[in-house]
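Structure file upload.cif; described as mmCIF, C-alpha atoms (C1' of nucleotides).
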```cif
data_target
loop_
_atom_site.group_PDB
_atom_site.id
_atom_site.type_symbol
_atom_site.label_atom_id
_atom_site.label_comp_id
_atom_site.auth_asym_id
_atom_site.auth_seq_id
_atom_site.Cartn_x
_atom_site.Cartn_y
_atom_site.Cartn_z
ATOM 1 C CA MET A 176 -14.617 -2.552 15.908
ATOM 2 C CA THR A 177 -15.981 -3.674 19.208
ATOM 3 C CA LEU A 178 -16.151 -0.340 20.998
ATOM 4 C CA ASP A 179 -17.804 2.972 20.214
ATOM 5 C CA GLU A 180 -17.499 4.423 16.773
ATOM 6 C CA THR A 181 -16.341 7.720 18.221
ATOM 7 C CA SER A 182 -13.577 8.483 20.619
ATOM 8 C CA LYS A 183 -14.890 9.301 24.054
ATOM 9 C CA THR A 184 -12.117 11.788 24.702
ATOM 10 C CA ALA A 185 -12.146 13.702 21.441
ATOM 11 C CA GLY A 186 -15.266 12.902 19.469
ATOM 12 C CA ILE A 187 -13.412 11.892 16.306
ATOM 13 C CA SER A 188 -14.355 8.889 14.240
ATOM 14 C CA LEU A 189 -11.628 6.286 14.557
ATOM 15 C CA ASP A 190 -13.193 3.432 12.696
ATOM 16 C CA PRO A 191 -11.094 2.708 9.580
ATOM 17 C CA ALA A 192 -14.274 1.824 7.706
ATOM 18 C CA THR A 193 -15.688 5.310 8.171
ATOM 19 C CA CYS A 194 -12.487 7.375 7.919
ATOM 20 C CA PRO A 195 -12.870 9.289 4.657
ATOM 21 C CA VAL A 196 -9.143 9.806 4.166
ATOM 22 C CA ARG A 197 -8.531 6.100 4.445
ATOM 23 C CA GLN A 198 -11.300 5.390 1.961
ATOM 24 C CA VAL A 199 -9.579 7.570 -0.588
ATOM 25 C CA LEU A 200 -6.113 6.291 0.089
ATOM 26 C CA ASP A 201 -7.148 2.656 -0.034
ATOM 27 C CA GLY A 202 -8.030 3.244 -3.656
ATOM 28 C CA VAL A 203 -4.692 4.700 -4.700
ATOM 29 C CA SER A 204 -2.062 3.813 -2.133
ATOM 30 C CA ASP A 205 -0.727 0.775 -3.896
ATOM 31 C CA LYS A 206 2.581 0.913 -5.681
ATOM 32 C CA TRP A 207 1.487 2.107 -9.105
ATOM 33 C CA SER A 208 -1.940 3.796 -9.072
ATOM 34 C CA ILE A 209 -0.624 7.313 -8.666
ATOM 35 C CA LEU A 210 1.982 6.921 -11.370
ATOM 36 C CA VAL A 211 -0.649 5.567 -13.728
ATOM 37 C CA MET A 212 -2.907 8.519 -12.944
ATOM 38 C CA ALA A 213 0.002 10.877 -13.479
ATOM 39 C CA ALA A 214 0.666 9.364 -16.884
ATOM 40 C CA LEU A 215 -2.991 9.482 -17.886
ATOM 41 C CA HIS A 216 -3.317 13.001 -16.543
ATOM 42 C CA VAL A 217 -0.965 14.191 -19.263
ATOM 43 C CA THR A 218 -2.795 12.473 -22.072
ATOM 44 C CA PRO A 219 -4.836 9.311 -22.701
ATOM 45 C CA ARG A 220 -2.715 6.286 -23.410
ATOM 46 C CA ARG A 221 -2.886 2.755 -24.679
ATOM 47 C CA PHE A 222 -1.972 -0.196 -22.508
ATOM 48 C CA SER A 223 1.344 -0.781 -24.174
ATOM 49 C CA GLU A 224 2.218 2.887 -24.022
ATOM 50 C CA LEU A 225 1.730 2.798 -20.275
ATOM 51 C CA ARG A 226 3.975 -0.240 -20.084
ATOM 52 C CA ARG A 227 6.716 1.619 -21.934
ATOM 53 C CA ASP A 228 6.268 4.710 -19.775
ATOM 54 C CA ILE A 229 6.424 2.750 -16.519
ATOM 55 C CA PRO A 230 8.905 0.015 -17.378
ATOM 56 C CA ASP A 231 9.115 -1.472 -13.890
ATOM 57 C CA VAL A 232 5.492 -2.498 -13.662
ATOM 58 C CA SER A 233 4.621 -6.001 -14.765
ATOM 59 C CA GLN A 234 1.819 -6.675 -17.215
ATOM 60 C CA LYS A 235 -0.277 -8.380 -14.584
ATOM 61 C CA VAL A 236 0.027 -5.635 -11.989
ATOM 62 C CA LEU A 237 -0.604 -2.904 -14.536
ATOM 63 C CA THR A 238 -3.799 -4.683 -15.542
ATOM 64 C CA GLN A 239 -4.830 -5.004 -11.894
ATOM 65 C CA THR A 240 -4.078 -1.349 -11.236
ATOM 66 C CA LEU A 241 -6.085 -0.181 -14.236
ATOM 67 C CA ARG A 242 -9.003 -2.433 -13.314
ATOM 68 C CA LYS A 243 -9.084 -1.010 -9.819
ATOM 69 C CA LEU A 244 -8.965 2.567 -11.083
ATOM 70 C CA GLU A 245 -11.678 1.756 -13.594
ATOM 71 C CA ARG A 246 -13.863 0.130 -10.959
ATOM 72 C CA ASN A 247 -13.663 3.239 -8.782
ATOM 73 C CA GLY A 248 -14.692 5.438 -11.685
ATOM 74 C CA LEU A 249 -11.346 7.199 -11.916
ATOM 75 C CA VAL A 250 -10.249 5.814 -15.275
ATOM 76 C CA ASP A 251 -12.125 5.058 -18.462
ATOM 77 C CA ARG A 252 -11.316 1.973 -20.512
ATOM 78 C CA LYS A 253 -12.314 1.930 -24.149
ATOM 79 C CA VAL A 254 -11.842 -1.219 -26.205
ATOM 80 C CA THR A 255 -11.602 -1.038 -29.976
ATOM 81 C CA PRO A 256 -12.094 -4.626 -31.126
ATOM 82 C CA THR A 257 -9.693 -4.534 -34.020
ATOM 83 C CA ALA A 258 -6.946 -7.035 -34.554
ATOM 84 C CA PRO A 259 -4.616 -6.695 -32.754
ATOM 85 C CA PRO A 260 -6.918 -5.268 -30.091
ATOM 86 C CA ARG A 261 -6.627 -1.656 -29.087
ATOM 87 C CA VAL A 262 -7.453 -0.459 -25.579
ATOM 88 C CA ASP A 263 -7.346 3.206 -24.652
ATOM 89 C CA TYR A 264 -7.283 4.442 -21.078
ATOM 90 C CA SER A 265 -8.070 7.965 -19.948
ATOM 91 C CA LEU A 266 -8.688 9.813 -16.710
ATOM 92 C CA GLN A 267 -12.360 10.368 -15.969
ATOM 93 C CA PRO A 268 -13.411 13.745 -14.536
ATOM 94 C CA LEU A 269 -13.555 12.067 -11.141
ATOM 95 C CA GLY A 270 -9.959 10.938 -11.587
ATOM 96 C CA GLN A 271 -8.893 14.380 -12.742
ATOM 97 C CA SER A 272 -10.408 16.019 -9.690
ATOM 98 C CA LEU A 273 -8.835 13.487 -7.330
ATOM 99 C CA PHE A 274 -5.468 13.796 -8.988
ATOM 100 C CA ALA A 275 -5.619 17.559 -8.556
ATOM 101 C CA ARG A 276 -5.918 17.047 -4.796
ATOM 102 C CA PHE A 277 -2.474 15.469 -4.756
ATOM 103 C CA SER A 278 -0.693 18.594 -5.924
ATOM 104 C CA PRO A 279 -0.573 20.110 -2.403
ATOM 105 C CA LEU A 280 0.779 16.806 -1.168
ATOM 106 C CA ALA A 281 3.515 16.834 -3.785
ATOM 107 C CA ALA A 282 4.371 20.415 -2.934
ATOM 108 C CA TRP A 283 4.539 19.497 0.729
ATOM 109 C CA ALA A 284 6.847 16.596 -0.030
ATOM 110 C CA ILE A 285 9.237 18.749 -2.005
ATOM 111 C CA GLU A 286 9.197 21.519 0.601
ATOM 112 C CA ASN A 287 9.795 19.224 3.544
ATOM 113 C CA ARG A 288 12.022 16.579 2.066
ATOM 114 C CA ALA A 289 15.102 17.957 3.784
ATOM 115 C CA GLU A 290 13.425 18.085 7.158
ATOM 116 C CA ILE A 291 12.187 14.524 6.872
ATOM 117 C CA ASP A 292 15.628 13.313 5.871
ATOM 118 C CA ALA A 293 17.131 15.125 8.829
ATOM 119 C CA ALA A 294 14.610 13.564 11.205
ATOM 120 C CA ARG A 295 15.385 10.125 9.847
ATOM 121 C CA SER A 296 19.125 10.618 10.158
ATOM 122 C CA ALA A 297 18.755 11.870 13.708
ATOM 123 C CA TYR A 298 16.520 8.945 14.628
ATOM 124 C CA ASP A 299 18.859 6.405 13.077
ATOM 125 C CA ALA A 300 21.833 7.983 14.824
ATOM 126 C CA ARG A 301 20.083 7.704 18.210
ATOM 127 C CA SER A 302 19.583 3.958 17.809
ATOM 128 C CA MET B 285 14.531 1.393 -13.264
ATOM 129 C CA THR B 286 16.416 0.360 -16.366
ATOM 130 C CA LEU B 287 15.163 2.967 -18.802
ATOM 131 C CA ASP B 288 15.102 6.730 -18.774
ATOM 132 C CA GLU B 289 14.060 8.535 -15.635
ATOM 133 C CA THR B 290 11.636 10.661 -17.599
ATOM 134 C CA SER B 291 8.908 9.724 -19.968
ATOM 135 C CA LYS B 292 9.844 10.420 -23.519
ATOM 136 C CA THR B 293 6.316 11.272 -24.524
ATOM 137 C CA ALA B 294 5.300 13.554 -21.666
ATOM 138 C CA GLY B 295 8.375 14.567 -19.706
ATOM 139 C CA ILE B 296 6.978 13.462 -16.342
ATOM 140 C CA SER B 297 9.044 11.624 -13.798
ATOM 141 C CA LEU B 298 7.797 8.075 -13.585
ATOM 142 C CA ASP B 299 10.363 6.583 -11.264
ATOM 143 C CA PRO B 300 8.637 5.600 -7.999
ATOM 144 C CA ALA B 301 11.799 6.564 -6.119
ATOM 145 C CA THR B 302 11.560 10.163 -7.291
ATOM 146 C CA CYS B 303 7.785 10.651 -7.277
ATOM 147 C CA PRO B 304 7.159 13.115 -4.448
ATOM 148 C CA VAL B 305 3.581 12.024 -3.880
ATOM 149 C CA ARG B 306 4.670 8.447 -3.443
ATOM 150 C CA GLN B 307 7.369 9.482 -1.005
ATOM 151 C CA VAL B 308 4.766 11.106 1.188
ATOM 152 C CA LEU B 309 2.258 8.315 0.893
ATOM 153 C CA ASP B 310 4.795 5.607 1.618
ATOM 154 C CA GLY B 311 5.193 7.144 5.043
ATOM 155 C CA VAL B 312 1.521 7.153 5.949
ATOM 156 C CA SER B 313 -0.351 4.744 3.691
ATOM 157 C CA ASP B 314 -0.240 1.787 6.023
ATOM 158 C CA LYS B 315 -3.335 0.741 7.864
ATOM 159 C CA TRP B 316 -3.073 2.901 10.979
ATOM 160 C CA SER B 317 -0.772 5.919 10.509
ATOM 161 C CA ILE B 318 -3.483 8.332 9.496
ATOM 162 C CA LEU B 319 -5.786 7.333 12.308
ATOM 163 C CA VAL B 320 -2.953 7.760 14.786
ATOM 164 C CA MET B 321 -2.197 11.198 13.390
ATOM 165 C CA ALA B 322 -5.881 12.078 13.566
ATOM 166 C CA ALA B 323 -5.981 11.085 17.214
ATOM 167 C CA LEU B 324 -2.812 13.000 18.044
ATOM 168 C CA HIS B 325 -4.018 15.978 16.045
ATOM 169 C CA VAL B 326 -6.781 16.485 18.575
ATOM 170 C CA THR B 327 -4.538 16.295 21.590
ATOM 171 C CA PRO B 328 -1.353 14.532 22.734
ATOM 172 C CA ARG B 329 -1.941 11.065 24.051
ATOM 173 C CA ARG B 330 -0.280 8.282 25.942
ATOM 174 C CA PHE B 331 0.315 4.886 24.370
ATOM 175 C CA SER B 332 -2.464 3.195 26.267
ATOM 176 C CA GLU B 333 -4.869 6.008 25.462
ATOM 177 C CA LEU B 334 -4.197 5.472 21.777
ATOM 178 C CA ARG B 335 -4.870 1.786 22.226
ATOM 179 C CA ARG B 336 -8.223 2.541 23.786
ATOM 180 C CA ASP B 337 -9.083 5.055 21.087
ATOM 181 C CA ILE B 338 -8.190 2.681 18.277
ATOM 182 C CA PRO B 339 -9.230 -0.658 19.709
ATOM 183 C CA ASP B 340 -8.587 -2.690 16.557
ATOM 184 C CA VAL B 341 -4.875 -2.036 16.422
ATOM 185 C CA SER B 342 -2.610 -4.507 18.160
ATOM 186 C CA GLN B 343 0.049 -3.429 20.595
ATOM 187 C CA LYS B 344 2.830 -4.478 18.283
ATOM 188 C CA VAL B 345 1.507 -2.728 15.215
ATOM 189 C CA LEU B 346 0.731 0.439 17.152
ATOM 190 C CA THR B 347 4.318 0.459 18.370
ATOM 191 C CA GLN B 348 5.593 -0.017 14.812
ATOM 192 C CA THR B 349 3.334 2.725 13.519
ATOM 193 C CA LEU B 350 4.453 5.197 16.168
ATOM 194 C CA ARG B 351 8.114 4.356 15.583
ATOM 195 C CA LYS B 352 7.723 5.024 11.880
ATOM 196 C CA LEU B 353 5.959 8.330 12.466
ATOM 197 C CA GLU B 354 8.616 9.291 14.991
ATOM 198 C CA ARG B 355 11.423 8.362 12.628
ATOM 199 C CA ASN B 356 9.976 10.584 9.917
ATOM 200 C CA GLY B 357 9.779 13.507 12.311
ATOM 201 C CA LEU B 358 5.985 13.608 12.318
ATOM 202 C CA VAL B 359 5.439 12.519 15.906
ATOM 203 C CA ASP B 360 7.281 13.285 19.111
ATOM 204 C CA ARG B 361 7.809 10.606 21.728
ATOM 205 C CA LYS B 362 8.535 11.706 25.253
ATOM 206 C CA VAL B 363 9.413 9.122 27.883
ATOM 207 C CA THR B 364 8.938 9.876 31.540
ATOM 208 C CA PRO B 365 10.946 7.178 33.307
ATOM 209 C CA THR B 366 8.576 6.671 36.178
ATOM 210 C CA ALA B 367 7.220 3.331 37.220
ATOM 211 C CA PRO B 368 5.096 2.282 35.536
ATOM 212 C CA PRO B 369 6.687 4.065 32.577
ATOM 213 C CA ARG B 370 4.825 6.900 30.951
ATOM 214 C CA VAL B 371 5.200 7.698 27.257
ATOM 215 C CA ASP B 372 3.493 10.671 25.679
ATOM 216 C CA TYR B 373 3.083 11.064 21.966
ATOM 217 C CA SER B 374 2.277 14.306 20.176
ATOM 218 C CA LEU B 375 2.188 15.612 16.621
ATOM 219 C CA GLN B 376 5.283 17.563 15.674
ATOM 220 C CA PRO B 377 4.825 20.753 13.595
ATOM 221 C CA LEU B 378 5.858 18.703 10.576
ATOM 222 C CA GLY B 379 3.112 16.214 11.350
ATOM 223 C CA GLN B 380 0.575 18.982 11.889
ATOM 224 C CA SER B 381 1.369 20.522 8.521
ATOM 225 C CA LEU B 382 1.190 17.179 6.740
ATOM 226 C CA PHE B 383 -2.057 16.271 8.432
ATOM 227 C CA ALA B 384 -3.532 19.577 7.311
ATOM 228 C CA ARG B 385 -2.866 18.571 3.707
ATOM 229 C CA PHE B 386 -5.254 15.663 4.101
ATOM 230 C CA SER B 387 -8.279 17.840 4.770
ATOM 231 C CA PRO B 388 -8.924 18.510 1.060
ATOM 232 C CA LEU B 389 -8.625 14.776 0.498
ATOM 233 C CA ALA B 390 -11.199 14.070 3.184
ATOM 234 C CA ALA B 391 -13.511 16.702 1.735
ATOM 235 C CA TRP B 392 -13.111 15.157 -1.687
ATOM 236 C CA ALA B 393 -13.926 11.708 -0.311
ATOM 237 C CA ILE B 394 -17.102 12.917 1.351
ATOM 238 C CA GLU B 395 -18.183 14.895 -1.709
ATOM 239 C CA ASN B 396 -17.601 12.059 -4.142
ATOM 240 C CA ARG B 397 -18.464 9.028 -2.090
ATOM 241 C CA ALA B 398 -21.769 8.561 -3.856
ATOM 242 C CA GLU B 399 -20.196 8.786 -7.299
ATOM 243 C CA ILE B 400 -17.515 6.257 -6.411
ATOM 244 C CA ASP B 401 -20.100 3.864 -5.019
ATOM 245 C CA ALA B 402 -22.138 4.237 -8.189
ATOM 246 C CA ALA B 403 -19.085 3.532 -10.358
ATOM 247 C CA ARG B 404 -18.296 0.429 -8.350
ATOM 248 C CA SER B 405 -21.853 -0.866 -8.528
ATOM 249 C CA ALA B 406 -21.938 -0.274 -12.278
ATOM 250 C CA TYR B 407 -18.602 -2.022 -12.752
ATOM 251 C CA ASP B 408 -19.611 -4.992 -10.632
ATOM 252 C CA ALA B 409 -22.915 -5.272 -12.479
ATOM 253 C CA ARG B 410 -21.113 -5.400 -15.838
ATOM 254 C CA SER B 411 -19.000 -8.358 -14.766
ATOM 255 C "C1'" DT C 214 5.254 -20.948 -46.042
ATOM 256 C "C1'" DC C 215 7.589 -20.299 -41.791
ATOM 257 C "C1'" DC C 216 8.950 -17.393 -38.213
ATOM 258 C "C1'" DA C 217 9.248 -13.436 -35.366
ATOM 259 C "C1'" DT C 218 6.851 -9.671 -33.354
ATOM 260 C "C1'" DA C 219 3.081 -6.752 -31.271
ATOM 261 C "C1'" DT C 220 -1.235 -6.539 -28.784
ATOM 262 C "C1'" DG C 221 -3.850 -7.031 -24.382
ATOM 263 C "C1'" DG C 222 -4.412 -9.724 -21.672
ATOM 264 C "C1'" DT C 223 -4.735 -14.467 -18.172
ATOM 265 C "C1'" DT C 224 -2.725 -18.039 -15.301
ATOM 266 C "C1'" DT C 225 0.491 -20.163 -12.275
ATOM 267 C "C1'" DC C 226 4.029 -20.029 -9.070
ATOM 268 C "C1'" DC C 227 6.837 -17.625 -5.701
ATOM 269 C "C1'" DA C 228 8.867 -14.146 -2.489
ATOM 270 C "C1'" DA C 229 8.380 -10.287 0.415
ATOM 271 C "C1'" DA C 230 5.754 -7.410 3.341
ATOM 272 C "C1'" DA C 231 2.080 -6.419 6.436
ATOM 273 C "C1'" DG C 232 -0.666 -7.559 10.034
ATOM 274 C "C1'" DA C 233 -2.846 -10.648 13.739
ATOM 275 C "C1'" DT C 234 -2.249 -13.496 17.836
ATOM 276 C "C1'" DA C 235 -0.132 -14.956 21.687
ATOM 277 C "C1'" DC C 236 3.500 -15.029 24.905
ATOM 278 C "C1'" DT C 237 7.209 -12.768 27.548
ATOM 279 C "C1'" DT C 238 9.676 -8.840 30.089
ATOM 280 C "C1'" DA C 239 10.485 -5.603 33.796
ATOM 281 C "C1'" DA C 240 9.405 -2.150 36.950
ATOM 282 C "C1'" DC C 241 6.542 -0.816 40.618
ATOM 283 C "C1'" DA C 242 2.051 -0.072 43.525
ATOM 284 C "C1'" DC C 243 -1.250 -2.410 46.197
ATOM 285 C "C1'" DG D 146 0.632 -12.421 44.123
ATOM 286 C "C1'" DT D 147 -2.092 -9.263 40.971
ATOM 287 C "C1'" DG D 148 -2.597 -5.473 38.040
ATOM 288 C "C1'" DT D 149 -0.769 -1.703 35.054
ATOM 289 C "C1'" DT D 150 2.334 0.171 31.630
ATOM 290 C "C1'" DA D 151 5.026 -0.022 27.373
ATOM 291 C "C1'" DA D 152 7.073 -2.650 25.029
ATOM 292 C "C1'" DG D 153 9.747 -7.095 22.529
ATOM 293 C "C1'" DT D 154 9.520 -11.724 20.332
ATOM 294 C "C1'" DA D 155 7.869 -15.584 17.854
ATOM 295 C "C1'" DT D 156 4.838 -17.560 14.752
ATOM 296 C "C1'" DC D 157 1.145 -17.674 11.596
ATOM 297 C "C1'" DT D 158 -1.816 -15.916 7.872
ATOM 298 C "C1'" DT D 159 -3.068 -12.561 4.466
ATOM 299 C "C1'" DT D 160 -1.978 -9.349 1.093
ATOM 300 C "C1'" DT D 161 0.848 -7.607 -2.466
ATOM 301 C "C1'" DG D 162 3.751 -7.629 -6.141
ATOM 302 C "C1'" DG D 163 7.001 -9.797 -9.473
ATOM 303 C "C1'" DA D 164 8.562 -13.522 -13.107
ATOM 304 C "C1'" DA D 165 7.509 -16.347 -16.561
ATOM 305 C "C1'" DA D 166 4.571 -18.891 -19.462
ATOM 306 C "C1'" DC D 167 0.661 -19.065 -22.331
ATOM 307 C "C1'" DC D 168 -3.093 -17.476 -25.685
ATOM 308 C "C1'" DA D 169 -5.420 -15.560 -29.905
ATOM 309 C "C1'" DT D 170 -5.004 -12.614 -33.595
ATOM 310 C "C1'" DA D 171 -2.684 -10.330 -37.160
ATOM 311 C "C1'" DT D 172 1.130 -8.173 -39.653
ATOM 312 C "C1'" DG D 173 5.724 -8.044 -41.884
ATOM 313 C "C1'" DG D 174 9.841 -10.172 -43.640
ATOM 314 C "C1'" DA D 175 12.857 -14.034 -45.650
#
```
Spell out the structure here as structure tokens.
Amino acid sequence: MTLDETSKTAGISLDPATCPVRQVLDGVSDKWSILVMAALHVTPRRFSELRRDIPDVSQKVLTQTLRKLERNGLVDRKVTPTAPPRVDYSLQPLGQSLFARFSPLAAWAIENRAEIDAARSAYDARS
Amino acid sequence: MTLDETSKTAGISLDPATCPVRQVLDGVSDKWSILVMAALHVTPRRFSELRRDIPDVSQKVLTQTLRKLERNGLVDRKVTPTAPPRVDYSLQPLGQSLFARFSPLAAWAIENRAEIDAARSAYDARS
DNA sequence: TCCATATGGTTTCCAAAAGATACTTAACAC
DNA sequence: GTGTTAAGTATCTTTTGGAAACCATATGGA
């Protein structure tokens, strides 16, 4: 960011590094984070249970997703060093409260799905 | 998705294609969409005004971002075929209503920034 | 005993997508 | 010619995700 941190015409912060919405979304806007949170929101789960619930995610990416959620304090990871190892994941209070903020978004999506589809069809027809 | 569309253990839809939150986020979770909507939320703007307001975005990517927002019915693009050409962008009602849904998210981010930072520091210290 | 299977990963390789950078276009005003 | 406006194009790099192999441990079955 080479220019001012605030817009001269409107006074809003337009630096991605200080945009609070972006900071939240960067933590969860990958392909699987929200689905993982949705699964854990219902009940805590083991790693292999998550894999069965979300069959399209690869082992590696599920691990990465969980690590990221854990690092941001949204998910708790508890290792029971038995053999074979047992790892339980659960939503932290912070994760619960964030996940709750997505309900209005989901409601909006369901309400406005038709309108979005119509806009897309109209746009595609124009070009 | 090769297995069931619904989780057997919890009954939640875990197909990315049918997750309403994902459908919304896929439309706006790129690097610039939200900032563009924030700028247009304040007041309609011309292309070059947006470029000045968000100096880090390249011409090409700003064009792509605006096209995507327009296609989804969130942003209106009005061309005045003068010379040099004039193009005005504004938030459609659909875009206004979606943008409003991000306010709770922004509030959450500001409220919990400290806790997230603490979680990250703790995680990084452990490893 | 040998083999398969489950667990929770890690590692390597690869493809697709996103974004950055630079160059080009085309109209007009000066 | 130079500058301004709103793009389009071409190429490169970075990021992201997926596929498959590997590992260590332990259990269950033939």
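What the PyMOL selection byres ((chain A) within 8 of (chain C)) picks from this file is Phe222, Ser223, Thr238, Pro259, Pro260, Arg261 and Val262 of chain A.
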Item to complete: Could you state which residues are captured by the PyMOL selection byres ((chain A) within 7 of (chain B)) in this file, as JSON, numbers by chain?
Response: {"A": [176, 182, 185, 189, 195, 196, 199, 200, 204, 210, 217, 228, 229, 231, 246, 247, 248, 276, 279, 280, 281, 284, 285, 291, 294, 295, 298]}
Item to complete: Decode the PyMOL selection byres ((chain D) within 12 of (chain A)) for the given file into explicit residues and return them as a list in words.
Response: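 This file gives the following for the PyMOL selection byres ((chain D) within 12 of (chain A)): DT160, DT161, DG162, DG163, DA164, DA165, DA169, DT170, DA171 and DT172 of chain D.
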Would you write out those residues with C-alpha atoms (C1' of nucleotides), as a PDB file, keeping the file's coordinate frame?
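The result, stored in result.pdb:
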```pdb
ATOM      1  C1'  DT D 160      -1.978  -9.349   1.093  1.00  0.00           C
ATOM      2  C1'  DT D 161       0.848  -7.607  -2.466  1.00  0.00           C
ATOM      3  C1'  DG D 162       3.751  -7.629  -6.141  1.00  0.00           C
ATOM      4  C1'  DG D 163       7.001  -9.797  -9.473  1.00  0.00           C
ATOM      5  C1'  DA D 164       8.562 -13.522 -13.107  1.00  0.00           C
ATOM      6  C1'  DA D 165       7.509 -16.347 -16.561  1.00  0.00           C
ATOM      7  C1'  DA D 169      -5.420 -15.560 -29.905  1.00  0.00           C
ATOM      8  C1'  DT D 170      -5.004 -12.614 -33.595  1.00  0.00           C
ATOM      9  C1'  DA D 171      -2.684 -10.330 -37.160  1.00  0.00           C
ATOM     10  C1'  DT D 172       1.130  -8.173 -39.653  1.00  0.00           C
TER      11       DT D 172
END
```
Practice prompt. Report the distance between CA of Thr302 in chain B and CA of Phe274 in chain A in Å, rounded to one decimal place.
Written response: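 Value for the CA of Thr302 in chain B-CA of Phe274 in chain A distance: 17.5 Å.
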Worksheet item: Between CA of Pro377 in chain B and C1' of DG153 in chain D, what is the distance, to one decimal in Å?
Response: 29.7 Å
Discussion item. Report, in Å with one decimal, the straight-line distance from CA of Glu395 in chain B to CA of Thr349 in chain B.
Written reply: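 It comes out at 29.0 Å.
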Centre and edge lengths, as JSON, for the axis-aligned box enclosing every listed atom of range 159-169 of chain D with 6 Å of padding on each of the six sides, in Å to one decimal?
```
{"center_x": 1.6, "center_y": -13.3, "center_z": -12.7, "size_x": 26.0, "size_y": 23.5, "size_z": 46.4}
```
For the point (3.4, 8.8, 21.7) in the file's frame, write as a short mmCIF file (atom, residue, chain, number, x, y, z; two decimals) with C-alpha atoms, keeping the file's coordinate frame all residues with an atom no more than 7 Å away, counting only C-alpha atoms (C1' of nucleotides).
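Ended up saving to selection25.cif:
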```cif
data_model
loop_
_atom_site.label_atom_id
_atom_site.label_comp_id
_atom_site.auth_asym_id
_atom_site.auth_seq_id
_atom_site.Cartn_x
_atom_site.Cartn_y
_atom_site.Cartn_z
CA ARG B 329 -1.94 11.06 24.05
CA ARG B 330 -0.28 8.28 25.94
CA PHE B 331 0.32 4.89 24.37
CA LEU B 350 4.45 5.20 16.17
CA ASP B 360 7.28 13.28 19.11
CA ARG B 361 7.81 10.61 21.73
CA LYS B 362 8.54 11.71 25.25
CA VAL B 371 5.20 7.70 27.26
CA ASP B 372 3.49 10.67 25.68
CA TYR B 373 3.08 11.06 21.97
CA SER B 374 2.28 14.31 20.18
#
```
